[in-house]
Each structure stands twice: as structure tokens, then as C-alpha cells.
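Worksheet for the structure shown next.
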Amino acid sequence: MTTDEALGASSGMDPDARIALYRLMYEIRVFEKRAYDLFLQNLVKGTSHLSLGQEAIAAGFALAMREDDYTFCTYRGHAHTLARGVPMAPIMAELLGREGGLMGGKGGSMHLTSIDRGVMGSYAIVGAHLPIAAGAAWSAQVRGSGQVSVCFFGDGATNIGAFHEALNLAAVWTLPVVFVCENNLYMEYTPIAAVTAVPNPAADRAAAYGLERILVDGNDPEGMYRIATSTIGRARAGEGPSLVEAVTYRHGGHSRADPAKYRPESEVNEWLARDPLPSYRASLEASGVPASELLLVEERVAAQIDEATEIAKASPVPDPQVIGTDVWSDGGSAWRN
Amino acid sequence: MAELTYRDAVASAIAQEMERDPFVYFLGEDVADAGGAFKASVGLLERFGPDRVRDTPISEEAIVGIAMGAAMTGLRPIVEIMFSDFLATCWDIIANQIAKTRYMTNGQISLPLVIRTANGGGSRFGAQHSQSLENWAMAVPGLKVVAPSTPADVKGLIAAAVRDPDPVVVFEHKSLYAAKGEVPDGELVDRLGTARVRRAGENLTVVALAAMVPRSLEAAEQLAAEGISAEVVDLRSLVPLDMKTILGSIRKTGRLFTVEENPRLCGWGSEIASLAADECFDDLDGPIVRITTPHVPVPAADGLEDATIPSVARIVSTVLERMA
């Protein structure tokens with residue numbers, strides 16, 4: 001794996017930004033662990049797809065985005081939603097199917113959306129959101145707003161038609177969109193290498209759309225921030241789309257019910273040793289950030305997740321009256337007179 | 001009042017809305033330089049420029065996906081899917097994404113967009129370019145669906161669709177593109193969800209859609225010669241459905257016939273038949289009769305295609321037989 005050396009070794013991040021990056025990653029880690037605990041308690045219903053191990057990508061990109069930039073993500077979207085600053089409580093309440101949920105219980109874990117924070121949706125049909133993200137970028141382009149659309153997806157999405165349709169049109173129209181492939185090596189339960197014609201499912205396809213080959217270490221938070229800054233900057237400057245492949249690993253299974261027994265133990269251990277959280281923590285300490293400061297961050301996040309959990313649990317179940325609301329913009333669902 | 005073809009009325013509607021609202025954009029395959037495969041967007045590129053009238057690759061998922069992303073961020077896109085049969089290649093974006101996003105996000109996202117598509121048979125194009133798929137769209141909660149039968153209606157309903165805050169699928173009929181009709185001068189904006197009684201009658205109600213409307217009107221003319229007075233309701237809109245007009249007509253005539261180009265199973269007429277049976281059973285003097293394309297793919301040969309899609313002769317003979 002190679003980080004793009006041309007981008008420079010230094011992230012140019014000041015100490016506060018580095019601590020902010022760690023805090024975002026830590027928030028995601030703690031949230032996802034709590035979501036898993038609540039699933040084991042049968043409080044999180046339905047399915048959920050955790051980003052444990054993949055935090056650096058969401059955090060690095062979110063920190064590099066402008067407040068009005070757009071995030072499009074997948075059903076594995078808790079991390080990206082949190083990273084844009086959406087509070088924990090409404091996300092947790094949504095996972096619990098409560099009235100106080102981010103979408104009042106109508107969306108669930110796989111469809112987290114908060115347009116106030118630029119989270120333009122979590123999409124649960126693999127690859128579908130790439131053209132949609134390109135559309136938001138097109139809108140930003142013709143409105144001259146300077147906004148950039150950032151679209152996160154998994155390695156599995158690189159083999160579906162929408163990926164190729166979106167990349168082609170984004171390149172042809174020079175759209176301000178950054179496509180970010182989080183390659184966690186597994187397409188659900190199947191190694192991506194077993195079902196893909198090229199070793200790097202996104203980076204090796206970039207040339208087909210006239211794009212630069214960008215392959216980065218998805219477990220390197222500052223490396224992610226660097227590549228985010230440069231690709232988002234290019235998009236904002238009118239230089240068109242980028243396709244980033246960030247190689248990472250999910251610590252758990254595909255979804256909540258998956259024990260991930262199909263992965264060799266040695267591989268899992270190798271990647272656990274490269275867990276981005278402890279390694280980034282150690283690197284911050286080594287660079288002079290006092291341990292006490294990191295501890296303070298961790299204590300605050302711990303209090304935050306406890307509070308969010310309590311708020312979510314205390315939220316009532318939704319009133320069945322809402323079943324018939326908001327199909328249409330008039331607030332209702334009438335299909336006849 | 002000017003006489004326009006249906007295809008010119010389409011272009012006129014798009015132009016009217018692009019003129020009015022700078023956030024209306026139009027894109028699709030061959031729509032700009034070529035003026036559309038059915039020449040329904042001739043002149044738009046010259047008038048509004050390549051920024052707002054755009055040719056796309058043959059990438060239906062990208063076309064409707066881009067429209068969705070643009071609609072949620074401030075534009076009001078109109079997209080053309082050249083043949084309605086091609087909706088199958090982007091049905092995920094339409095049915096899973098566009099139709100459901102407002103609901104799933106608890107109303108956070110609105111999608112003011114229009115998908116125009118050439119629907120229906122009569123062109124001897126065979127089974128992959130001749131389908132009537134309006135009932136597919138009708139079956140998905142979150143989509144509004146219209147299928148105009150006249151030049152004035154296609155202009156007014158496209159304009160209404162563009163101004164509507166929700167996604168609307170407009171099924172234009174490819175065998176109607178050359179049809180001429182009076183279109184009022186000046187701005188024309190119709191209302192979604194409204195049917196029209198095209199011909200008043202006493203003995204039976206015929207509910208028809210798109211190309212089946214002129215056929216039903218001609219059939220009504222022939223039935224009149226047999227002493228049978230048929231009322232013809234042009235449905236125009238499948239979602240929302242104007243049941244008031246339909247039920248009002250049935251209460252007057254006591255009989256209901258639907259004339260549908262979509263294949264038999266779960267065609268739009270089955271829903272109307274069900275609602276009519278439920279809500280005005282006592283007003284019915286005989287069985288509800290559906291005249292539809294049989295449940296087969298549309299064949300290519302002219303003789304076969306003509307025998308497949310409901311014809312004037314089939315409408316007349318079915319009515320005579322069932323009214324006897």
C-alpha cells in the first residue's frame with residue numbers, strides 16, 4: 001500500500017486539528033461499540049452495519065470538508081453521519097426505532113440523513129448513490145456555489161453499473177465530486193479479490209475514466225485528511241472529479257448478524273494490529289500531545305455516548321399516525337380524491 | 001389558439017417552464033443536438049444553450065440519478081428516458097431512491113423532478129420498445145403519474161409536473177406524437193390528478209388513457225350509431241387518481257368499461273374496477289369489463305401488434321356483446 005507521496009508527508013494540521021481528528025474517530029468508535037451492545041440487548045432492531053476499524057476515512061474527509069459540502073454514504077453510514085457533526089442521540093434513537101430518531105423512525109440505520117449537516121442520505125442499494133452524488137455536484141456546478149459532493153462506498157460497489165455510469169458522466173462534465181472507495185477487502189462475505197478483474201477495484205479503474213490512480217492507506221487518519229484536502233480542493237477549483245481508493249478493514253462482520261468466520265484469523269490479527277485508533281493515539285502522544293488531553297477527550301465522548309443512549313432509550317416509540325405522512329411534499333400520502 | 005402536434009406541445013411545455021424558472025434543466029439521450037429521438041425537444045438547445053439542455057451518454061441510471069441529486073440540491077430537472085421500456089434499466093433509482101427518499105428522510109428531502117418517457121405501442125418496434133408501463137409507476141408509492149392524450153394536455157400536464165414539488169413520471173404516447181390539436185395561447189398549466197369527461201353519455205362509462213382515448217372516442221361514435229350512448233372519461237392521471245370523476249360517471253351510466261394498453265395483470269383498470277366495486281356496487285347494472293392488451297409481450301409484425309392492443313373494433317364489439 002502506498003500513500004501518494006506527491007501530496008507531501010506533512011498533513012499541515014495544527015495540534016488542535018489533530019486532536020479534533022482523533023476526537024471524531026473516537027466518537028465513531030464509541031458510538032459503534034455502543035450500537036453493537038444495544039443490538040445484543042435487542043434494543044437496536046433490524047440490521048446495522050458498523051464502521052469499526054474504518055473510522056479514519058470518515059473522520060479525515062469530514063474534517064477537510066466545508067460546512068456546506070455534501071456527504072453521500074452507504075448503509076454503513078453511522079460513521080459519516082457522526083463525522084459531519086450530527087449529534088449522537090438522534091442517530092441512536094433512529095437505530096432504536098424511536099420518535100426522537102433522526103428521521104422519526106422512518107429510515108432506520110441504513111438511511112441516516114441530516115440535510116442540515118450536509119448528510120444527503122445513506123443509500124442501501126449498492127452503488128445507487130454514485131450518480132445521485134454526481135447530480136448534487138452538477139447542481140453545485142451550475143449554481144456556482146463552490147460546494148463539493150463527497151461520495152463514500154464500499155469495494156463491492158465497484159462492480160455495479162451505476163459506479164461506471166457515474167464516473168464516466170462525472171468525468172465528462174468535470175463535476176466537483178470526490179468518489180471515495182472504502183476498500184475493506186470484503187464484498188459482504190466474499191473477498192473482493194475473488195470477484196474482481198483487477199487487484200485494486202477502484203484505483204485500477206480510474207484510468208478508464210481519465211482519472212488519476214489514487215490508492216491510499218485508509219487506516220492513516222492524517223493521510224486521509226491530506227488526500228481529502230487535495231481532492232476536494234481540486235473539485236472546488238473546477239478541476240473535476242477524483243476517485244480515491246482507501247484500503248482498510250472492518251473489525252467485525254458485514255452486518256450485525258455476521259460473525260465473519262470466512263476471514264482467516266491471521267489476516268484479522270494483522271489488521272487489528274493496525275487499528276487506526278490506538279496507533280493514531282500513540283502517534284499524537286509521540287508528537288507531544290499530552291496524554292491528559294487525550295484522556296479528557298475520551299472522557300467527554302464517554303459521557304456523550306452515555307447521555308445519547310439514555311436520551312434515545314427514553315424517546316417514545318413513534319405514533320402510528322406518522323405512517324401516512326410525508327410521502328408527498330404536502331405532508332400527506334393521498335393517492336386519490 | 002394554435003394547432004400544435006403533440007411533440008411540439010412537449011417542446012413548448014419544456015420551453016415555457018425553462019423560460020419561467022432558471023433552475024429548470026433538461027437532459028437525456030440525444031435531446032440537445034438531435035432534438036430528441038421523437039423530435040419532442042427540437043429548438044430547445046438553440047434557445048436555452050448547452051448548459052441547460054444537455055445530451056447524456058446512454059446511461060439511464062446516471063440520467064435519473066443525476067436528476068435526483070440535482071433536485072435535492074436546488075434544481076428542477078426534467079429528464080427524458082427515450083423509451084419507457086428503458087425505465088427497467090434505471091428502475092432502482094426511480095423506485096428505490098426517488099420514490100422513497102422523501103418518506104425515509106421524514107420529509108427532509110424534496111425531489112421536484114420530472115421523468116418524461118415515450119410509452120406504448122403502434123410503431124412495430126417489438127416487445128422491448130412498445131410496452132405500456134404506466135402501471136409499473138402507479139404501483140410504487142411516492143411517484144405521481146400522468147399520461148396525456150392530447151397536445152393541450154401534454155403541455156399543461158408537463159408544466160404542472162415541473163411545478164409540482166414531488167417526482168412526476170410523464171408517460172407520453174409515441175403513437176400520439178404526430179397527433180394535432182388546439183393548444184391555448186400563452187402560459188398553460190394544468191392540474192395533476194384530474195380526469196376529464198371527453199364525451200358525455202348515458203348508457204355506459206368508458207375510462208381510457210393516452211392513445212386509448214381517441215380510440216374510445218371513435219368507438220363511442222360508432223356505438224352511438226347502434227343506439228348506445230357511451231361516456232368517455234380520459235383518466236389523464238394515475239397518481240393521484242380522480243375517483244370522484246370516475247365514480248360520478250358510473251353513478252350516471254351504471255356500467256364501467258376500462259380500455260387499457262397495459263398488459264392484463266394488475267393493469268390500472270384493475271384498481272379502478274376494485275374501487276368501483278367497493279364504492280358504487282349498487283349503482284352498477286352489470287359487470288365491470290376490462291378491455292386490455294392480453295398478458296403477452298407486444299409482437300412486432302403490424303398485423304400482430306394491431307390485434308394485440310385494444311382497437312376501435314374490439315372496443316365496439318366488446319361493448320355490444322357485454323351490453324346485450
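Each chain of the C-alpha cells is named A, B, ... in the order shown, its residues numbered from 1; ligands are numbered from 1 in display order.
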
_Applying 7 Å and only C-alpha atoms, which residues near B:Thr150 remain after dropping the ones on its own chain fewer than 4 positions away? List them as number ranges by chain._
B: 6, 154, 181

Deliver the residues from the most recent selection as a file, using N, CA and C atoms, as a compact mmCIF listing (two decimals), in the first residue's frame.
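Result file part09.txt:
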# COMPACT_ATOMS: atom_id res chain seq x y z
N TYR B 6 -48.57 16.99 -30.90
CA TYR B 6 -48.28 16.53 -29.53
C TYR B 6 -46.79 16.73 -29.25
N VAL B 154 -50.72 17.47 -22.91
CA VAL B 154 -49.32 17.14 -22.68
C VAL B 154 -48.57 18.40 -22.29
N GLY B 181 -53.67 19.10 -32.37
CA GLY B 181 -54.80 19.57 -31.58
C GLY B 181 -54.62 21.03 -31.21

Spatial neighbours of stretch 320-330 of chain A, max dist 8 Å, only C-alpha atoms, sep filter under 4 positions, as an MDAnalysis selection string
chainID B and resid 100 102:103 106:107 110 141:142 165:166

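For the pair atom CA of B:Met323 and atom CA of B:Leu204, the separation is 8.7 Å.
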
Within 8 Å of chain B, which residues of chain A come that close, and what is the closest atom pair and distance in Å for each? Count only C-alpha atoms and give it as CSV.
residue,atom,partner,partner_atom,distance
A:Met103,CA,B:Asn106,CA,4.9
A:Gly104,CA,B:Asn106,CA,6.4
A:Lys106,CA,B:Met104,CA,5.1
A:Gly107,CA,B:Met104,CA,4.5
A:His111,CA,B:Met104,CA,7.1
A:Leu112,CA,B:Thr105,CA,7.6
A:Thr113,CA,B:Thr105,CA,6.1
A:Ser114,CA,B:Gln108,CA,7.5
A:Ile115,CA,B:Gln108,CA,6.8
A:Gly121,CA,B:Thr105,CA,7.9
A:Ile125,CA,B:Asn96,CA,8.0
A:Ala128,CA,B:Ile93,CA,6.6
A:His129,CA,B:Gly65,CA,7.4
A:Leu130,CA,B:Gly65,CA,7.9
A:Pro131,CA,B:Gly65,CA,4.7
A:Ile132,CA,B:Gly69,CA,4.3
A:Ala133,CA,B:Gly69,CA,5.8
A:Ala134,CA,B:Ile66,CA,5.9
A:Gly135,CA,B:Ile66,CA,3.6
A:Ala136,CA,B:Gly69,CA,4.3
A:Ala137,CA,B:Ala70,CA,7.6
A:Trp138,CA,B:Ala70,CA,6.6
A:Ser139,CA,B:Ala70,CA,4.9
A:Ala140,CA,B:Thr73,CA,7.7
A:Val142,CA,B:Asp51,CA,7.9
A:Ala162,CA,B:Glu61,CA,6.2
A:Glu165,CA,B:Ala62,CA,5.6
A:Ala166,CA,B:Ala62,CA,5.6
A:Leu169,CA,B:Ala62,CA,7.4
A:Thr325,CA,B:Tyr103,CA,7.6
A:Asp326,CA,B:Tyr103,CA,5.3
A:Val327,CA,B:Tyr103,CA,5.0
A:Trp328,CA,B:Asp166,CA,6.3
A:Ser329,CA,B:Pro165,CA,6.1
A:Gly331,CA,B:Gly107,CA,7.6
A:Ala334,CA,B:Pro240,CA,7.3
A:Trp335,CA,B:Pro240,CA,4.5
A:Arg336,CA,B:Leu241,CA,4.4
A:Asn337,CA,B:Asp242,CA,5.7

Expected file contents, prior selection, N, CA and C atoms, as a short mmCIF file (atom, residue, chain, number, x, y, z; two decimals), in the first residue's frame:
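Generated file (part_8.cif):
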data_model
loop_
_atom_site.label_atom_id
_atom_site.label_comp_id
_atom_site.auth_asym_id
_atom_site.auth_seq_id
_atom_site.Cartn_x
_atom_site.Cartn_y
_atom_site.Cartn_z
N MET A 103 -34.78 10.46 11.66
CA MET A 103 -35.86 10.51 10.67
C MET A 103 -37.17 10.00 11.29
N GLY A 104 -37.28 10.18 12.60
CA GLY A 104 -38.52 9.82 13.29
C GLY A 104 -38.84 8.34 13.22
N LYS A 106 -38.52 6.46 10.51
CA LYS A 106 -38.94 6.02 9.17
C LYS A 106 -37.79 5.52 8.32
N GLY A 107 -36.58 5.84 8.71
CA GLY A 107 -35.44 5.47 7.86
C GLY A 107 -34.67 4.28 8.39
N HIS A 111 -30.41 4.40 6.49
CA HIS A 111 -30.82 5.58 5.70
C HIS A 111 -30.61 6.90 6.44
N LEU A 112 -29.61 6.95 7.30
CA LEU A 112 -29.39 8.17 8.08
C LEU A 112 -29.18 9.36 7.15
N THR A 113 -29.91 10.43 7.45
CA THR A 113 -29.88 11.64 6.62
C THR A 113 -30.02 12.85 7.53
N SER A 114 -29.22 13.87 7.27
CA SER A 114 -29.36 15.12 8.01
C SER A 114 -28.94 16.24 7.08
N ILE A 115 -29.90 16.78 6.35
CA ILE A 115 -29.50 17.76 5.34
C ILE A 115 -28.96 19.03 5.98
N GLY A 121 -27.92 11.71 2.65
CA GLY A 121 -28.54 10.40 2.63
C GLY A 121 -27.55 9.26 2.71
N ILE A 125 -28.95 0.57 -1.54
CA ILE A 125 -28.81 -0.25 -2.74
C ILE A 125 -27.40 0.03 -3.25
N ALA A 128 -26.03 2.83 -5.91
CA ALA A 128 -27.07 3.74 -6.41
C ALA A 128 -26.73 5.20 -6.18
N HIS A 129 -26.01 5.48 -5.10
CA HIS A 129 -25.82 6.88 -4.74
C HIS A 129 -24.68 7.56 -5.49
N LEU A 130 -23.92 6.82 -6.27
CA LEU A 130 -22.84 7.48 -7.02
C LEU A 130 -23.40 8.47 -8.05
N PRO A 131 -24.36 8.06 -8.88
CA PRO A 131 -24.95 9.07 -9.77
C PRO A 131 -25.69 10.16 -9.03
N ILE A 132 -26.28 9.86 -7.89
CA ILE A 132 -27.01 10.88 -7.14
C ILE A 132 -26.04 11.93 -6.60
N ALA A 133 -24.89 11.44 -6.10
CA ALA A 133 -23.85 12.37 -5.63
C ALA A 133 -23.33 13.22 -6.80
N ALA A 134 -23.23 12.61 -7.95
CA ALA A 134 -22.80 13.37 -9.14
C ALA A 134 -23.84 14.44 -9.47
N GLY A 135 -25.11 14.13 -9.25
CA GLY A 135 -26.17 15.10 -9.50
C GLY A 135 -26.09 16.31 -8.58
N ALA A 136 -25.78 16.05 -7.31
CA ALA A 136 -25.62 17.17 -6.38
C ALA A 136 -24.42 18.01 -6.80
N ALA A 137 -23.38 17.34 -7.30
CA ALA A 137 -22.19 18.06 -7.77
C ALA A 137 -22.54 18.89 -9.01
N TRP A 138 -23.35 18.33 -9.88
CA TRP A 138 -23.77 19.05 -11.08
C TRP A 138 -24.55 20.31 -10.68
N SER A 139 -25.46 20.13 -9.72
CA SER A 139 -26.24 21.26 -9.23
C SER A 139 -25.32 22.34 -8.66
N ALA A 140 -24.33 21.92 -7.85
CA ALA A 140 -23.39 22.90 -7.28
C ALA A 140 -22.63 23.62 -8.40
N VAL A 142 -23.60 24.16 -11.61
CA VAL A 142 -24.38 25.12 -12.40
C VAL A 142 -24.87 26.28 -11.54
N ALA A 162 -23.87 1.30 -11.95
CA ALA A 162 -24.02 2.71 -11.56
C ALA A 162 -22.67 3.36 -11.27
N GLU A 165 -21.31 4.27 -14.71
CA GLU A 165 -22.11 5.34 -15.33
C GLU A 165 -21.81 6.68 -14.66
N ALA A 166 -21.71 6.66 -13.33
CA ALA A 166 -21.49 7.92 -12.59
C ALA A 166 -20.09 8.46 -12.85
N LEU A 169 -19.84 10.00 -16.45
CA LEU A 169 -20.51 11.29 -16.64
C LEU A 169 -19.85 12.38 -15.78
N THR A 325 -47.68 10.04 6.71
CA THR A 325 -47.17 11.40 6.49
C THR A 325 -45.94 11.39 5.60
N ASP A 326 -45.78 12.52 4.90
CA ASP A 326 -44.54 12.82 4.17
C ASP A 326 -44.19 11.88 3.02
N VAL A 327 -45.21 11.27 2.40
CA VAL A 327 -44.94 10.67 1.09
C VAL A 327 -44.79 11.81 0.08
N TRP A 328 -45.69 12.81 0.24
CA TRP A 328 -45.68 13.98 -0.65
C TRP A 328 -45.24 15.22 0.11
N SER A 329 -44.92 16.22 -0.68
CA SER A 329 -44.48 17.49 -0.09
C SER A 329 -45.58 18.22 0.67
N GLY A 331 -47.13 16.90 2.87
CA GLY A 331 -47.10 16.28 4.19
C GLY A 331 -47.91 15.01 4.28
N ALA A 334 -51.95 11.06 0.18
CA ALA A 334 -53.17 10.81 -0.58
C ALA A 334 -52.85 10.42 -2.02
N TRP A 335 -53.50 9.38 -2.51
CA TRP A 335 -53.29 8.97 -3.90
C TRP A 335 -54.57 9.05 -4.72
N ARG A 336 -55.64 9.56 -4.11
CA ARG A 336 -56.91 9.68 -4.83
C ARG A 336 -57.74 10.77 -4.18
N ASN A 337 -58.78 11.17 -4.87
CA ASN A 337 -59.72 12.09 -4.24
C ASN A 337 -60.98 11.33 -3.89
#

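The nearest approach to B:Leu209 among the residues B:Asp55, B:Glu261, B:Asp33, B:Glu221, with only C-alpha atoms taken into account, belongs to B:Glu261.
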
| field | Nearby residues (only C-alpha atoms) at most 12 Å from A:Ala20, same-chain spacing under 6 positions excluded, as a PyMOL selection string | value | chain A and resi 13-14+26-27+56+59-60+62-64+83+85+221-222+225+281+284+293-294+297-298+301

| message | I want to know what sits within 9 Å of B:Pro184, based on only C-alpha atoms, with residues of the same chain fewer than 5 positions away left out; could you give that as a VMD selection string? | response | chain B and resid 1 to 3 152

- Message: Run DSSP on the backbone and tell me which residues of stretch 173-307 of chain A come out as helix (DSSP H, G or I); list them as a ChimeraX atom specification.
- Response: /A:192-195,203-209,221-236,265-272,276-286,291-307

Kindly save the residues from that selection, with C-alpha atoms included, as a PDB file, in the first residue's frame.
ATOM      1  CA  ILE A 192     -13.409  -8.647  -3.286  1.00  0.00           C
ATOM      2  CA  ALA A 193     -10.315 -10.092  -4.988  1.00  0.00           C
ATOM      3  CA  ALA A 194     -12.245 -13.275  -5.790  1.00  0.00           C
ATOM      4  CA  VAL A 195     -14.864 -11.418  -7.818  1.00  0.00           C
ATOM      5  CA  ALA A 203      -7.828   2.636  -8.295  1.00  0.00           C
ATOM      6  CA  ASP A 204      -7.248   0.237 -11.173  1.00  0.00           C
ATOM      7  CA  ARG A 205     -10.408   1.511 -12.887  1.00  0.00           C
ATOM      8  CA  ALA A 206      -9.550   5.212 -12.609  1.00  0.00           C
ATOM      9  CA  ALA A 207      -7.650   5.275 -15.906  1.00  0.00           C
ATOM     10  CA  ALA A 208     -10.766   4.097 -17.735  1.00  0.00           C
ATOM     11  CA  TYR A 209     -12.324   7.465 -16.901  1.00  0.00           C
ATOM     12  CA  PRO A 221      -6.056   9.455   9.584  1.00  0.00           C
ATOM     13  CA  GLU A 222      -3.751  12.259   8.555  1.00  0.00           C
ATOM     14  CA  GLY A 223      -3.136  10.616   5.205  1.00  0.00           C
ATOM     15  CA  MET A 224      -6.902  10.575   4.713  1.00  0.00           C
ATOM     16  CA  TYR A 225      -7.121  14.228   5.686  1.00  0.00           C
ATOM     17  CA  ARG A 226      -4.364  15.033   3.168  1.00  0.00           C
ATOM     18  CA  ILE A 227      -5.972  13.198   0.268  1.00  0.00           C
ATOM     19  CA  ALA A 228      -9.349  14.674   1.201  1.00  0.00           C
ATOM     20  CA  THR A 229      -7.921  18.178   1.229  1.00  0.00           C
ATOM     21  CA  SER A 230      -6.246  17.777  -2.132  1.00  0.00           C
ATOM     22  CA  THR A 231      -9.105  16.049  -3.960  1.00  0.00           C
ATOM     23  CA  ILE A 232     -11.802  18.315  -2.503  1.00  0.00           C
ATOM     24  CA  GLY A 233      -9.602  21.303  -3.330  1.00  0.00           C
ATOM     25  CA  ARG A 234      -9.268  20.155  -6.917  1.00  0.00           C
ATOM     26  CA  ALA A 235     -13.007  19.656  -7.214  1.00  0.00           C
ATOM     27  CA  ARG A 236     -13.712  23.089  -5.750  1.00  0.00           C
ATOM     28  CA  GLU A 265      -7.512 -15.403  11.772  1.00  0.00           C
ATOM     29  CA  SER A 266      -4.031 -14.302  10.754  1.00  0.00           C
ATOM     30  CA  GLU A 267      -5.484 -11.666   8.456  1.00  0.00           C
ATOM     31  CA  VAL A 268      -7.800 -10.381  11.152  1.00  0.00           C
ATOM     32  CA  ASN A 269      -4.944 -10.190  13.649  1.00  0.00           C
ATOM     33  CA  GLU A 270      -2.715  -8.416  11.193  1.00  0.00           C
ATOM     34  CA  TRP A 271      -5.325  -5.735  10.641  1.00  0.00           C
ATOM     35  CA  LEU A 272      -6.269  -5.456  14.313  1.00  0.00           C
ATOM     36  CA  PRO A 276      -6.205   3.292  13.463  1.00  0.00           C
ATOM     37  CA  LEU A 277      -7.308   4.428  16.921  1.00  0.00           C
ATOM     38  CA  PRO A 278      -4.509   3.199  19.199  1.00  0.00           C
ATOM     39  CA  SER A 279      -1.918   3.859  16.534  1.00  0.00           C
ATOM     40  CA  TYR A 280      -3.041   7.438  15.980  1.00  0.00           C
ATOM     41  CA  ARG A 281      -3.258   7.983  19.719  1.00  0.00           C
ATOM     42  CA  ALA A 282       0.326   6.777  20.100  1.00  0.00           C
ATOM     43  CA  SER A 283       1.491   8.997  17.271  1.00  0.00           C
ATOM     44  CA  LEU A 284      -0.197  12.040  18.828  1.00  0.00           C
ATOM     45  CA  GLU A 285       1.457  11.328  22.149  1.00  0.00           C
ATOM     46  CA  ALA A 286       4.814  10.818  20.455  1.00  0.00           C
ATOM     47  CA  ALA A 291      -1.851  12.113  27.374  1.00  0.00           C
ATOM     48  CA  SER A 292      -4.034  14.031  29.796  1.00  0.00           C
ATOM     49  CA  GLU A 293      -5.547  15.970  26.916  1.00  0.00           C
ATOM     50  CA  LEU A 294      -6.427  12.783  25.024  1.00  0.00           C
ATOM     51  CA  LEU A 295      -7.850  11.300  28.180  1.00  0.00           C
ATOM     52  CA  LEU A 296     -10.042  14.338  28.564  1.00  0.00           C
ATOM     53  CA  VAL A 297     -11.348  13.880  25.013  1.00  0.00           C
ATOM     54  CA  GLU A 298     -12.097  10.247  25.725  1.00  0.00           C
ATOM     55  CA  GLU A 299     -13.880  11.017  28.980  1.00  0.00           C
ATOM     56  CA  ARG A 300     -16.046  13.628  27.283  1.00  0.00           C
ATOM     57  CA  VAL A 301     -17.001  11.270  24.472  1.00  0.00           C
ATOM     58  CA  ALA A 302     -17.773   8.540  27.021  1.00  0.00           C
ATOM     59  CA  ALA A 303     -20.131  10.909  28.823  1.00  0.00           C
ATOM     60  CA  GLN A 304     -21.625  11.934  25.476  1.00  0.00           C
ATOM     61  CA  ILE A 305     -22.466   8.383  24.413  1.00  0.00           C
ATOM     62  CA  ASP A 306     -23.979   7.558  27.803  1.00  0.00           C
ATOM     63  CA  GLU A 307     -26.152  10.626  27.627  1.00  0.00           C
TER      64      GLU A 307
END

request  = Find the residues around B:Phe86 up to 9 Å (only C-alpha atoms counted), leave out those fewer than 6 positions away in its own chain, and share them as a ChimeraX atom specification.
outcome  = /B:60,117,128-129

Keeping only N, CA and C atoms, write the selected residues to a file as a short mmCIF file (atom, residue, chain, number, x, y, z; two decimals), in the first residue's frame.
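Result file part36.cif:
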data_model
loop_
_atom_site.label_atom_id
_atom_site.label_comp_id
_atom_site.auth_asym_id
_atom_site.auth_seq_id
_atom_site.Cartn_x
_atom_site.Cartn_y
_atom_site.Cartn_z
N GLU B 60 -28.86 5.32 -18.33
CA GLU B 60 -30.13 5.72 -17.73
C GLU B 60 -30.04 5.89 -16.21
N THR B 117 -41.14 10.14 -20.67
CA THR B 117 -40.74 8.95 -21.41
C THR B 117 -41.78 8.61 -22.47
N GLN B 128 -39.49 -4.82 -26.86
CA GLN B 128 -38.65 -4.01 -25.96
C GLN B 128 -38.73 -2.51 -26.24
N HIS B 129 -39.59 -2.11 -27.17
CA HIS B 129 -39.74 -0.68 -27.47
C HIS B 129 -41.21 -0.30 -27.63
#

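Distance-wise, atom CA of A:Thr71 and atom CA of B:Val168 end up 25.7 Å apart.
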